[in-house]
>>> print(open('work02.cif').read())   # mmCIF, C-alpha atoms
data_final
loop_
_atom_site.label_atom_id
_atom_site.label_comp_id
_atom_site.auth_asym_id
_atom_site.auth_seq_id
_atom_site.Cartn_x
_atom_site.Cartn_y
_atom_site.Cartn_z
CA MET X 24 0.00 0.00 0.00
CA ASP X 25 1.22 3.47 -0.88
CA PRO X 26 1.94 5.85 1.99
CA ILE X 27 -0.88 8.40 2.50
CA GLU X 28 -0.18 11.71 0.83
CA THR X 29 -0.80 14.69 3.09
CA VAL X 30 -0.61 18.43 2.60
CA GLU X 31 1.75 20.35 4.82
CA LEU X 32 0.44 23.90 5.13
CA THR X 33 2.92 26.72 5.15
CA GLU X 34 2.88 29.19 8.04
CA ALA X 35 1.18 31.79 5.82
CA GLN X 36 -1.53 29.31 4.85
CA LYS X 37 -2.11 28.28 8.47
CA LYS X 38 -2.34 31.91 9.55
CA ALA X 39 -4.75 32.78 6.75
CA ARG X 40 -6.93 29.75 7.52
CA LYS X 41 -7.09 30.68 11.20
CA ARG X 42 -8.03 34.28 10.42
CA ARG X 43 -10.75 33.13 8.01
CA ASN X 44 -12.11 30.69 10.60
CA VAL X 45 -12.28 33.44 13.21
CA ALA X 46 -14.04 35.76 10.73
CA ILE X 47 -16.61 33.08 9.85
CA ALA X 48 -17.20 32.34 13.54
CA LEU X 49 -17.76 36.03 14.30
CA ALA X 50 -20.16 36.35 11.35
CA LEU X 51 -22.13 33.30 12.53
CA VAL X 52 -22.35 34.62 16.11
CA ALA X 53 -23.51 38.00 14.76
CA MET X 54 -26.24 36.30 12.71
CA VAL X 55 -27.43 34.30 15.72
CA VAL X 56 -27.62 37.48 17.82
CA ILE X 57 -29.41 39.37 15.02
CA PHE X 58 -32.07 36.70 14.56
CA TYR X 59 -32.46 36.20 18.32
CA VAL X 60 -32.98 39.89 19.06
CA ALA X 61 -35.10 40.38 15.92
CA THR X 62 -37.39 37.55 17.04
CA LEU X 63 -37.83 39.24 20.42
CA THR X 64 -38.35 42.62 18.76
CA LYS X 65 -40.94 41.41 16.28
CA LEU X 66 -42.80 38.94 18.48
CA GLY X 67 -41.95 40.05 22.01
CA PRO X 68 -43.84 38.17 24.74
CA GLN X 69 -46.23 36.95 22.04
CA ILE X 70 -43.66 34.28 21.19
CA LEU X 71 -44.91 32.37 24.26
CA VAL X 72 -48.57 32.72 23.29
CA ARG X 73 -49.34 29.89 20.93
CA PRO X 74 -51.82 27.04 20.70
CA MET X 75 -50.58 23.83 22.23
CA MET D 17 -10.77 13.11 0.28
CA ALA D 18 -12.13 13.93 -3.15
CA LEU D 19 -9.54 16.61 -3.65
CA VAL D 20 -6.70 14.20 -3.00
CA GLU D 21 -8.14 11.64 -5.38
CA LYS D 22 -8.54 14.14 -8.20
CA HIS D 23 -5.26 15.97 -7.98
CA SER D 24 -1.69 14.95 -7.53
CA LEU D 25 -0.33 16.80 -4.52
CA THR D 26 3.02 17.18 -6.15
CA ASP D 27 1.51 19.27 -8.95
CA GLY D 28 1.65 22.74 -7.47
CA ALA D 29 -0.37 24.32 -10.27
CA GLU D 30 -3.29 21.96 -9.65
CA PHE D 31 -3.46 21.95 -5.88
CA ARG D 32 -3.53 25.30 -4.24
CA VAL D 33 -4.22 26.15 -0.60
CA SER D 34 -5.73 29.56 -0.09
CA GLU D 35 -3.79 32.31 1.63
CA ALA D 36 -6.74 34.72 1.43
CA MET D 37 -7.21 36.87 4.51
CA PRO D 38 -10.64 38.05 5.72
CA GLY D 39 -9.61 41.52 4.50
CA ASP D 40 -9.42 40.22 0.93
CA PHE D 41 -13.03 39.07 1.14
CA LEU D 42 -13.96 42.43 2.64
CA ALA D 43 -12.32 44.11 -0.38
CA LEU D 44 -14.62 42.07 -2.67
CA LEU D 45 -17.55 43.95 -1.12
CA LYS D 46 -16.27 47.31 -2.46
CA PRO D 47 -16.39 49.04 0.95
CA ARG D 48 -16.24 52.57 -0.50
CA VAL D 49 -19.25 52.01 -2.75
CA MET D 50 -20.93 50.30 0.18
CA SER D 51 -20.48 53.37 2.38
CA LEU D 52 -22.41 55.49 -0.13
CA VAL D 53 -25.10 52.80 -0.34
CA VAL D 54 -25.41 52.68 3.46
CA PHE D 55 -25.67 56.44 3.69
CA THR D 56 -28.27 56.91 0.93
CA ALA D 57 -30.30 53.90 2.12
CA PHE D 58 -30.29 55.37 5.63
CA VAL D 59 -31.54 58.73 4.33
CA GLY D 60 -34.34 56.96 2.45
CA LEU D 61 -35.23 55.04 5.59
CA ALA D 62 -35.11 58.12 7.83
CA ALA D 63 -37.10 60.31 5.43
CA ALA D 64 -39.90 57.79 4.98
CA PRO D 65 -43.20 58.47 6.75
CA GLY D 66 -44.15 56.09 9.52
CA THR D 67 -42.18 54.39 12.23
CA ILE D 68 -39.79 51.48 12.32
CA ASP D 69 -38.23 49.78 15.32
CA PRO D 70 -34.63 51.06 15.65
CA PHE D 71 -33.22 47.54 15.77
CA ILE D 72 -35.17 46.50 12.68
CA ALA D 73 -33.90 49.69 10.98
CA ILE D 74 -30.29 48.69 11.74
CA ILE D 75 -30.95 45.21 10.31
CA ALA D 76 -32.47 46.78 7.19
CA ILE D 77 -29.41 48.97 6.60
CA LEU D 78 -27.07 46.05 7.32
CA ALA D 79 -28.93 43.78 4.88
CA ILE D 80 -28.91 46.45 2.17
CA ALA D 81 -25.17 46.99 2.75
CA VAL D 82 -24.39 43.26 2.55
CA GLY D 83 -26.58 42.93 -0.55
CA ALA D 84 -24.69 45.79 -2.20
CA GLY D 85 -21.40 44.18 -1.19
CA ALA D 86 -22.52 40.83 -2.60
CA SER D 87 -23.28 42.41 -5.97
CA GLY D 88 -19.80 43.99 -5.82
CA ALA D 89 -18.26 40.53 -5.29
CA LEU D 90 -20.25 39.13 -8.23
CA ASN D 91 -19.09 42.09 -10.33
CA MET D 92 -15.44 41.39 -9.41
CA TRP D 93 -15.90 37.69 -10.20
CA TYR D 94 -17.24 38.44 -13.68
CA ASP D 95 -14.89 41.32 -14.46
CA ALA D 96 -11.64 39.77 -13.18
CA ASP D 97 -10.29 39.55 -16.74
CA ILE D 98 -10.57 43.28 -17.46
CA ASP D 99 -9.78 44.31 -13.87
CA ALA D 100 -6.38 42.66 -14.31
CA VAL D 101 -5.56 45.01 -17.19
CA MET D 102 -6.82 48.35 -15.85
CA SER D 103 -4.47 50.23 -13.52
CA ARG D 104 -7.35 51.33 -11.26
CA THR D 105 -8.48 47.76 -10.60
CA ALA D 106 -5.38 45.58 -11.08
CA LYS D 107 -4.83 45.28 -7.30
CA ARG D 108 -8.30 43.87 -6.59
CA PRO D 109 -8.23 40.48 -4.79
CA ILE D 110 -8.92 38.26 -7.82
CA PRO D 111 -6.50 39.79 -10.39
CA ALA D 112 -3.88 40.05 -7.62
CA GLY D 113 -4.25 36.29 -7.05
CA ARG D 114 -5.28 36.43 -3.38
CA VAL D 115 -8.81 35.11 -3.97
CA THR D 116 -9.86 32.72 -6.73
CA ALA D 117 -12.75 33.59 -9.05
CA GLU D 118 -14.71 30.59 -7.73
CA GLN D 119 -14.33 31.77 -4.13
CA ALA D 120 -15.57 35.23 -5.08
CA LEU D 121 -18.56 33.77 -6.92
CA ALA D 122 -19.53 31.56 -3.99
CA PHE D 123 -19.03 34.43 -1.54
CA GLY D 124 -21.21 36.73 -3.66
CA ILE D 125 -24.03 34.21 -4.05
CA VAL D 126 -24.09 33.25 -0.36
CA LEU D 127 -24.17 36.88 0.77
CA SER D 128 -26.83 37.75 -1.83
CA VAL D 129 -29.14 35.02 -0.57
CA LEU D 130 -28.45 35.82 3.09
CA SER D 131 -29.08 39.55 2.70
CA VAL D 132 -32.27 39.12 0.67
CA VAL D 133 -33.70 36.47 3.03
CA THR D 134 -32.82 38.54 6.09
CA LEU D 135 -34.39 41.72 4.71
CA GLY D 136 -37.44 39.82 3.48
CA LEU D 137 -38.08 37.91 6.71
CA LEU D 138 -37.14 40.47 9.34
CA VAL D 139 -38.16 43.73 7.67
CA ASN D 140 -40.68 43.19 4.89
CA ALA D 141 -41.09 41.05 1.80
CA PHE D 142 -41.29 43.98 -0.62
CA ALA D 143 -37.96 45.43 0.54
CA GLY D 144 -36.39 41.95 0.28
CA ALA D 145 -37.67 41.50 -3.27
CA PHE D 146 -36.46 45.00 -4.17
CA LEU D 147 -32.97 44.17 -2.86
CA ALA D 148 -32.95 40.92 -4.87
CA PHE D 149 -33.90 42.85 -8.00
CA THR D 150 -31.15 45.41 -7.34
CA ILE D 151 -28.48 42.71 -6.98
CA PHE D 152 -29.74 41.07 -10.18
CA PHE D 153 -29.74 44.41 -11.98
CA TYR D 154 -26.16 45.23 -10.99
CA ALA D 155 -24.62 41.77 -11.40
CA VAL D 156 -26.48 40.57 -14.49
CA VAL D 157 -28.04 43.51 -16.35
CA TYR D 158 -25.15 45.94 -15.80
CA THR D 159 -22.03 43.78 -15.31
CA MET D 160 -22.75 40.89 -17.65
CA TRP D 161 -24.85 42.56 -20.30
CA LEU D 162 -24.55 46.36 -20.58
CA LYS D 163 -21.02 47.14 -19.40
CA ARG D 164 -19.22 45.62 -22.38
CA SER D 165 -21.89 46.25 -25.02
CA THR D 166 -23.07 49.88 -24.96
CA PRO D 167 -21.80 53.36 -24.03
CA GLN D 168 -25.14 53.78 -22.20
CA ASN D 169 -23.84 51.13 -19.75
CA ILE D 170 -23.51 53.38 -16.73
CA VAL D 171 -26.63 55.38 -17.60
CA ILE D 172 -28.91 52.35 -17.35
CA GLY D 173 -26.71 50.45 -14.90
CA GLY D 174 -26.72 53.51 -12.65
CA ALA D 175 -30.22 52.50 -11.61
CA ALA D 176 -28.69 49.76 -9.45
CA GLY D 177 -26.73 52.35 -7.47
CA ALA D 178 -29.80 54.57 -7.24
CA PHE D 179 -32.16 51.96 -5.75
CA PRO D 180 -30.76 51.89 -2.14
CA PRO D 181 -32.70 54.95 -0.87
CA MET D 182 -35.86 53.43 -2.37
CA ILE D 183 -35.12 50.15 -0.55
CA GLY D 184 -34.55 52.08 2.68
CA TRP D 185 -37.87 53.85 2.12
CA ALA D 186 -39.57 50.53 1.33
CA ALA D 187 -38.17 49.04 4.55
CA VAL D 188 -40.42 51.47 6.46
CA THR D 189 -43.44 51.80 4.17
CA GLY D 190 -43.41 48.52 2.26
CA SER D 191 -44.04 50.44 -0.94
CA VAL D 192 -42.81 52.93 -3.53
CA SER D 193 -43.89 56.58 -3.61
CA LEU D 194 -43.18 59.81 -5.47
CA GLU D 195 -40.72 60.90 -2.77
CA SER D 196 -38.65 57.72 -3.00
CA VAL D 197 -38.65 57.93 -6.80
CA VAL D 198 -37.25 61.48 -6.52
CA LEU D 199 -34.43 60.19 -4.28
CA PHE D 200 -33.78 57.51 -6.90
CA LEU D 201 -33.68 60.09 -9.69
CA ILE D 202 -31.12 62.26 -7.89
CA ILE D 203 -28.60 59.39 -7.88
CA PHE D 204 -29.70 58.04 -11.27
CA LEU D 205 -29.13 61.38 -13.05
CA TRP D 206 -25.96 62.04 -11.05
CA THR D 207 -24.31 58.79 -12.20
CA PRO D 208 -23.56 59.69 -15.87
CA PRO D 209 -21.71 62.98 -15.22
CA HIS D 210 -19.88 61.35 -12.29
CA PHE D 211 -18.64 58.35 -14.28
CA TRP D 212 -18.07 60.17 -17.55
CA ALA D 213 -15.88 62.71 -15.76
CA LEU D 214 -13.84 59.71 -14.53
CA ALA D 215 -13.95 58.11 -18.01
CA LEU D 216 -12.55 61.30 -19.58
CA PHE D 217 -9.29 61.12 -17.65
CA LYS D 218 -9.22 57.28 -17.54
CA SER D 219 -10.31 56.72 -21.17
CA GLN D 220 -7.09 54.87 -22.03
CA ASP D 221 -7.79 52.34 -19.29
CA TYR D 222 -11.27 51.60 -20.58
CA ALA D 223 -10.17 51.56 -24.23
CA SER D 224 -7.43 49.03 -23.49
CA VAL D 225 -9.95 46.48 -22.26
CA GLY D 226 -12.66 47.26 -24.80
CA VAL D 227 -15.24 48.65 -22.39
CA PRO D 228 -17.28 51.09 -24.52
CA MET D 229 -17.30 54.14 -22.24
CA MET D 230 -18.77 57.28 -23.77
CA PRO D 231 -15.47 59.13 -24.50
CA ASN D 232 -14.14 56.10 -26.43
CA VAL D 233 -17.31 55.67 -28.47
CA ALA D 234 -18.82 59.12 -29.01
CA GLY D 235 -15.64 61.14 -28.52
CA GLU D 236 -14.60 63.59 -25.83
CA GLU D 237 -16.53 66.59 -27.16
CA SER D 238 -19.82 64.70 -27.28
CA THR D 239 -19.16 63.34 -23.78
CA LYS D 240 -18.55 66.84 -22.43
CA ARG D 241 -21.87 68.04 -23.90
CA GLN D 242 -23.71 65.07 -22.43
CA ILE D 243 -22.07 65.66 -19.03
CA PHE D 244 -23.30 69.24 -19.14
CA ALA D 245 -26.84 68.20 -20.14
CA TYR D 246 -27.03 65.68 -17.30
CA SER D 247 -25.64 68.20 -14.83
CA LEU D 248 -28.58 70.51 -15.64
CA LEU D 249 -30.94 67.61 -14.94
CA VAL D 250 -29.14 66.81 -11.66
CA ALA D 251 -29.37 70.44 -10.54
CA ALA D 252 -33.11 70.47 -11.35
CA ILE D 253 -34.02 67.15 -9.73
CA GLY D 254 -31.92 68.04 -6.67
CA VAL D 255 -34.43 70.79 -5.85
CA ALA D 256 -37.42 68.47 -6.37
CA PRO D 257 -37.68 67.18 -2.76
CA TRP D 258 -38.46 70.75 -1.70
CA LEU D 259 -40.84 71.36 -4.61
CA ILE D 260 -42.93 68.29 -3.75
CA GLY D 261 -43.14 69.34 -0.11
CA MET D 262 -40.78 66.76 1.31
CA THR D 263 -38.47 69.32 2.91
CA SER D 264 -38.31 72.91 4.12
CA VAL D 265 -37.05 75.91 2.18
CA VAL D 266 -33.64 75.48 3.86
CA TYR D 267 -33.04 72.30 1.86
CA GLY D 268 -34.43 74.05 -1.20
CA LEU D 269 -31.90 76.90 -1.01
CA VAL D 270 -28.93 74.63 -0.25
CA SER D 271 -29.88 72.28 -3.10
CA VAL D 272 -30.06 75.22 -5.52
CA ALA D 273 -26.54 76.28 -4.47
CA LEU D 274 -25.14 72.74 -4.67
CA GLY D 275 -26.77 72.23 -8.08
CA ALA D 276 -25.48 75.55 -9.40
CA ALA D 277 -21.96 74.54 -8.39
CA PHE D 278 -22.45 71.19 -10.17
CA VAL D 279 -23.44 73.00 -13.38
CA TRP D 280 -20.47 75.36 -13.00
CA TYR D 281 -18.02 72.44 -12.70
CA ALA D 282 -19.67 70.77 -15.72
CA TRP D 283 -19.41 74.05 -17.65
CA LYS D 284 -15.66 74.09 -16.94
CA VAL D 285 -15.46 70.57 -18.38
CA LEU D 286 -17.47 71.65 -21.43
CA LYS D 287 -15.03 74.52 -22.04
CA MET D 288 -11.94 72.38 -21.38
CA PRO D 289 -9.64 72.60 -24.44
CA ALA D 290 -9.17 69.33 -26.33
CA ALA D 291 -5.40 69.84 -25.97
CA ASP D 292 -5.67 69.81 -22.16
CA ARG D 293 -4.52 66.26 -21.37
CA SER D 294 -4.12 66.87 -17.65
CA MET D 295 -7.95 67.00 -17.57
CA GLY D 296 -8.01 69.23 -14.49
CA PRO D 297 -11.67 70.27 -14.88
CA ALA D 298 -12.81 66.65 -15.35
CA LYS D 299 -10.95 65.59 -12.20
CA ALA D 300 -12.47 68.56 -10.35
CA LEU D 301 -15.98 67.61 -11.48
CA PHE D 302 -15.40 63.99 -10.44
CA GLY D 303 -14.31 65.11 -6.98
CA TYR D 304 -17.14 67.61 -6.63
CA SER D 305 -19.75 65.08 -7.78
CA LEU D 306 -18.91 62.91 -4.75
CA VAL D 307 -19.17 65.93 -2.46
CA TYR D 308 -22.48 66.89 -4.10
CA LEU D 309 -24.14 63.52 -3.58
CA PHE D 310 -23.02 63.27 0.03
CA ALA D 311 -23.98 66.88 0.76
CA ILE D 312 -27.43 66.81 -0.83
CA PHE D 313 -28.43 63.65 1.04
CA ALA D 314 -26.91 64.96 4.29
CA VAL D 315 -28.86 68.23 4.02
CA LEU D 316 -32.04 66.32 3.22
CA LEU D 317 -31.46 64.09 6.25
CA GLY D 318 -30.82 67.11 8.49
CA ASP D 319 -33.89 68.89 7.16
CA VAL D 320 -36.17 65.91 7.74
CA ALA D 321 -34.66 65.27 11.20
CA VAL D 322 -35.20 68.88 12.31
CA ALA D 323 -38.78 68.81 11.02
CA ARG D 324 -39.43 65.61 13.01
CA LEU D 325 -37.87 67.05 16.17
CA LEU D 326 -39.93 70.21 15.90
CA GLY D 327 -43.02 68.16 15.16
CA LEU D 328 -43.63 69.89 11.83
#
>>> encode(input="work02.cif", output="structure tokens")
Amino acid sequence: MDPIETVELTEAQKKARKRRNVAIALALVAMVVIFYVATLTKLGPQILVRPM
Amino acid sequence: MALVEKHSLTDGAEFRVSEAMPGDFLALLKPRVMSLVVFTAFVGLAAAPGTIDPFIAIIAILAIAVGAGASGALNMWYDADIDAVMSRTAKRPIPAGRVTAEQALAFGIVLSVLSVVTLGLLVNAFAGAFLAFTIFFYAVVYTMWLKRSTPQNIVIGGAAGAFPPMIGWAAVTGSVSLESVVLFLIIFLWTPPHFWALALFKSQDYASVGVPMMPNVAGEESTKRQIFAYSLLVAAIGVAPWLIGMTSVVYGLVSVALGAAFVWYAWKVLKMPAADRSMGPAKALFGYSLVYLFAIFAVLLGDVAVARLLGL
């Protein structure tokens, strides 16, 4: 069996990947906050009033 | 992994790991254009009758900004070939090799969908649909169709840049009205003299990539006359918000002064000798046109805000 080929990232590639990951994480957190607060804003306490 | 199966890792040209920084993706959104979009959309939103929750208003502006940025990314994806040749655009992320065209396309599509869905669900469906149409108009009608085929490219395509205040207005009212159409027309009629002033002193750039800007197709003299004609229209429509009762006389007087200065700068361009290759008057008009657009919307915003505060 052939040895498994792997990709060794350079330092620049590792750094760029980490920065992109952080940016994506921040964007996702921002979206969660936006939709959470927007749900409260639009529905308010009414969100709890629903038929069972 | 599929990637490993398809490509030999030893072939550097085939297998490429991205070194793109988040800043490169931010550059795809054309932040400077976005700032003008945010500002004009905000003025449309603030000038609209009715009320909107402040948080929903922030979301509306954010969604419009991201939608505008997404259309910028799609524009850079499609235009990467000519961007690489023109000095003004050669350092953009794709021609510079920091972001691949496929990454830019995916980024643009994802942000387009996200911004439209967010605006449609959290603000109102009409504003969401309007934003979707604007992205389509800029990315497909302007970038893919008009830009490389007609010297009227930026005249018609300018509509995409003029829609944001109408979307801001629609975020509050859910509809279109005479007032929001006037805001649209200010930017729509401002676009040709703004871009043709730029095209006059960058005509070599556009000619080298075959983009039919007005100076390359109709000649410089014709372009100067058209700039002057449009500047008269801009000066006239700039006063319209006052004439239709949207603002006080203060806005009316300031808009007359700003419009008169616009016509004066355009007159200087019209009288610019053909031998003048430094194009000073064209550069001056280009600079002033940016000041004009910012100023006229800022004065309108101030006028409307004061009227609200005073309960007029």
>>> atom_distance(input="work02.cif", atom1="atom CA of D:Ser191", atom2="atom CA of X:Ile70")
27.4 Å
>>> interface_residues(input="work02.cif", of="chain X", to="chain D", cutoff="7 Å", atoms="only C-alpha atoms", output="number ranges by chain")
X: 35-36, 39, 42-43, 46, 61
>>> write_last_selection(input="work02.cif", atoms="C-alpha atoms", output="PDB file, keeping the file's coordinate frame")
ATOM      1  CA  ALA X  35       1.180  31.790   5.820  1.00  0.00           C
ATOM      2  CA  GLN X  36      -1.530  29.310   4.850  1.00  0.00           C
ATOM      3  CA  ALA X  39      -4.750  32.780   6.750  1.00  0.00           C
ATOM      4  CA  ARG X  42      -8.030  34.280  10.420  1.00  0.00           C
ATOM      5  CA  ARG X  43     -10.750  33.130   8.010  1.00  0.00           C
ATOM      6  CA  ALA X  46     -14.040  35.760  10.730  1.00  0.00           C
ATOM      7  CA  ALA X  61     -35.100  40.380  15.920  1.00  0.00           C
TER       8      ALA X  61
END
>>> resolve_selection(input="work02.cif", expression="the PyMOL selection byres ((chain D and resi 153) around 12)", output="JSON, numbers by chain")
{"D": [83, 84, 87, 88, 90, 91, 146, 147, 148, 149, 150, 151, 152, 154, 155, 156, 157, 158, 159, 160, 161, 162, 163, 169, 170, 172, 173, 174, 175, 176, 177, 178, 179]}
>>> atom_distance(input="work02.cif", atom1="atom CA of D:Val250", atom2="atom CA of D:Thr56")
16.0 Å
>>> atom_distance(input="work02.cif", atom1="atom CA of D:Pro167", atom2="atom CA of D:Val233")
6.7 Å
>>> residues_around(input="work02.cif", residues="D:Ala187", least_positions_apart="6", cutoff="8 Å", atoms="all atoms listed in the file", output="ChimeraX atom specification")
/D:61,73,76,139-140,142-143
>>> write_last_selection(input="work02.cif", atoms="C-alpha atoms", output="PDB file, in the frame of the given file")
ATOM      1  CA  LEU D  61     -35.230  55.040   5.590  1.00  0.00           C
ATOM      2  CA  ALA D  73     -33.900  49.690  10.980  1.00  0.00           C
ATOM      3  CA  ALA D  76     -32.470  46.780   7.190  1.00  0.00           C
ATOM      4  CA  VAL D 139     -38.160  43.730   7.670  1.00  0.00           C
ATOM      5  CA  ASN D 140     -40.680  43.190   4.890  1.00  0.00           C
ATOM      6  CA  PHE D 142     -41.290  43.980  -0.620  1.00  0.00           C
ATOM      7  CA  ALA D 143     -37.960  45.430   0.540  1.00  0.00           C
TER       8      ALA D 143
END
>>> residues_around(input="work02.cif", residues="D:Trp212", least_positions_apart="6", cutoff="9 Å", atoms="only C-alpha atoms", output="MDAnalysis selection string")
chainID D and resid 170 229:231 239:240 242:243 298 302
>>> residues_around(input="work02.cif", residues="stretch 215-221 of chain D", least_positions_apart="2", cutoff="10 Å", atoms="all atoms listed in the file", output="ChimeraX atom specification")
/D:98-99,101-105,208-213,223-232,235-236,239-240,285,293-299,302
>>> residues_around(input="work02.cif", residues="D:Glu118", least_positions_apart="6", cutoff="12 Å", atoms="only C-alpha atoms", output="list in words")
Ser34, Ala89, Leu90, Met92, Trp93, Tyr94, Ala96, Ile110, Gly124 and Ile125 of chain D
>>> resolve_selection(input="work02.cif", expression="the PyMOL selection byres ((chain D and resi 195) around 8)", output="number ranges by chain")
D: 193-194, 196-199, 257, 260, 262
>>> write_last_selection(input="work02.cif", atoms="C-alpha atoms", output="PDB file, keeping the file's coordinate frame")
ATOM      1  CA  SER D 193     -43.890  56.580  -3.610  1.00  0.00           C
ATOM      2  CA  LEU D 194     -43.180  59.810  -5.470  1.00  0.00           C
ATOM      3  CA  SER D 196     -38.650  57.720  -3.000  1.00  0.00           C
ATOM      4  CA  VAL D 197     -38.650  57.930  -6.800  1.00  0.00           C
ATOM      5  CA  VAL D 198     -37.250  61.480  -6.520  1.00  0.00           C
ATOM      6  CA  LEU D 199     -34.430  60.190  -4.280  1.00  0.00           C
ATOM      7  CA  PRO D 257     -37.680  67.180  -2.760  1.00  0.00           C
ATOM      8  CA  ILE D 260     -42.930  68.290  -3.750  1.00  0.00           C
ATOM      9  CA  MET D 262     -40.780  66.760   1.310  1.00  0.00           C
TER      10      MET D 262
END
>>> build_atoms(input="work02.cif", residues="stretch 68-74 of chain X", atoms="all heavy atoms", output="CSV table (one decimal), in the frame of the given file")
chain,number,residue,atom,x,y,z
X,68,PRO,N,-43.3,39.2,23.9
X,68,PRO,CA,-43.8,38.2,24.7
X,68,PRO,C,-44.8,37.3,24.0
X,68,PRO,O,-45.1,36.2,24.4
X,68,PRO,CB,-44.6,39.0,25.8
X,68,PRO,CG,-44.0,40.3,25.7
X,68,PRO,CD,-43.6,40.6,24.3
X,69,GLN,N,-45.3,37.7,22.8
X,69,GLN,CA,-46.2,37.0,22.0
X,69,GLN,C,-45.6,35.6,21.6
X,69,GLN,O,-46.4,34.7,21.2
X,69,GLN,CB,-46.6,37.7,20.8
X,69,GLN,CG,-47.5,38.9,21.1
X,69,GLN,CD,-48.8,38.5,21.8
X,69,GLN,OE1,-49.5,37.7,21.3
X,69,GLN,NE2,-49.1,39.2,22.9
X,70,ILE,N,-44.3,35.5,21.6
X,70,ILE,CA,-43.7,34.3,21.2
X,70,ILE,C,-44.1,33.1,22.1
X,70,ILE,O,-44.1,32.0,21.7
X,70,ILE,CB,-42.1,34.4,21.2
X,70,ILE,CG1,-41.5,33.3,20.3
X,70,ILE,CG2,-41.5,34.4,22.6
X,70,ILE,CD1,-40.1,33.5,20.0
X,71,LEU,N,-44.5,33.4,23.3
X,71,LEU,CA,-44.9,32.4,24.3
X,71,LEU,C,-46.4,32.0,24.1
X,71,LEU,O,-46.9,31.0,24.7
X,71,LEU,CB,-44.6,32.8,25.7
X,71,LEU,CG,-43.1,33.0,26.0
X,71,LEU,CD1,-42.9,33.5,27.4
X,71,LEU,CD2,-42.4,31.7,25.9
X,72,VAL,N,-47.1,32.9,23.4
X,72,VAL,CA,-48.6,32.7,23.3
X,72,VAL,C,-48.8,32.0,22.0
X,72,VAL,O,-48.8,32.5,20.9
X,72,VAL,CB,-49.3,34.1,23.3
X,72,VAL,CG1,-50.8,33.9,23.2
X,72,VAL,CG2,-49.0,34.9,24.5
X,73,ARG,N,-49.1,30.7,22.1
X,73,ARG,CA,-49.3,29.9,20.9
X,73,ARG,C,-50.2,28.7,21.3
X,73,ARG,O,-50.1,28.2,22.4
X,73,ARG,CB,-48.0,29.5,20.2
X,73,ARG,CG,-47.1,28.7,21.2
X,73,ARG,CD,-45.8,28.4,20.5
X,73,ARG,NE,-44.9,27.8,21.4
X,73,ARG,CZ,-43.7,27.4,21.1
X,73,ARG,NH1,-43.3,27.4,19.8
X,73,ARG,NH2,-42.9,26.9,22.0
X,74,PRO,N,-51.0,28.2,20.4
X,74,PRO,CA,-51.8,27.0,20.7
X,74,PRO,C,-51.0,25.8,20.9
X,74,PRO,O,-50.0,25.6,20.2
X,74,PRO,CB,-52.7,26.9,19.5
X,74,PRO,CG,-52.0,27.6,18.4
X,74,PRO,CD,-51.2,28.7,19.0
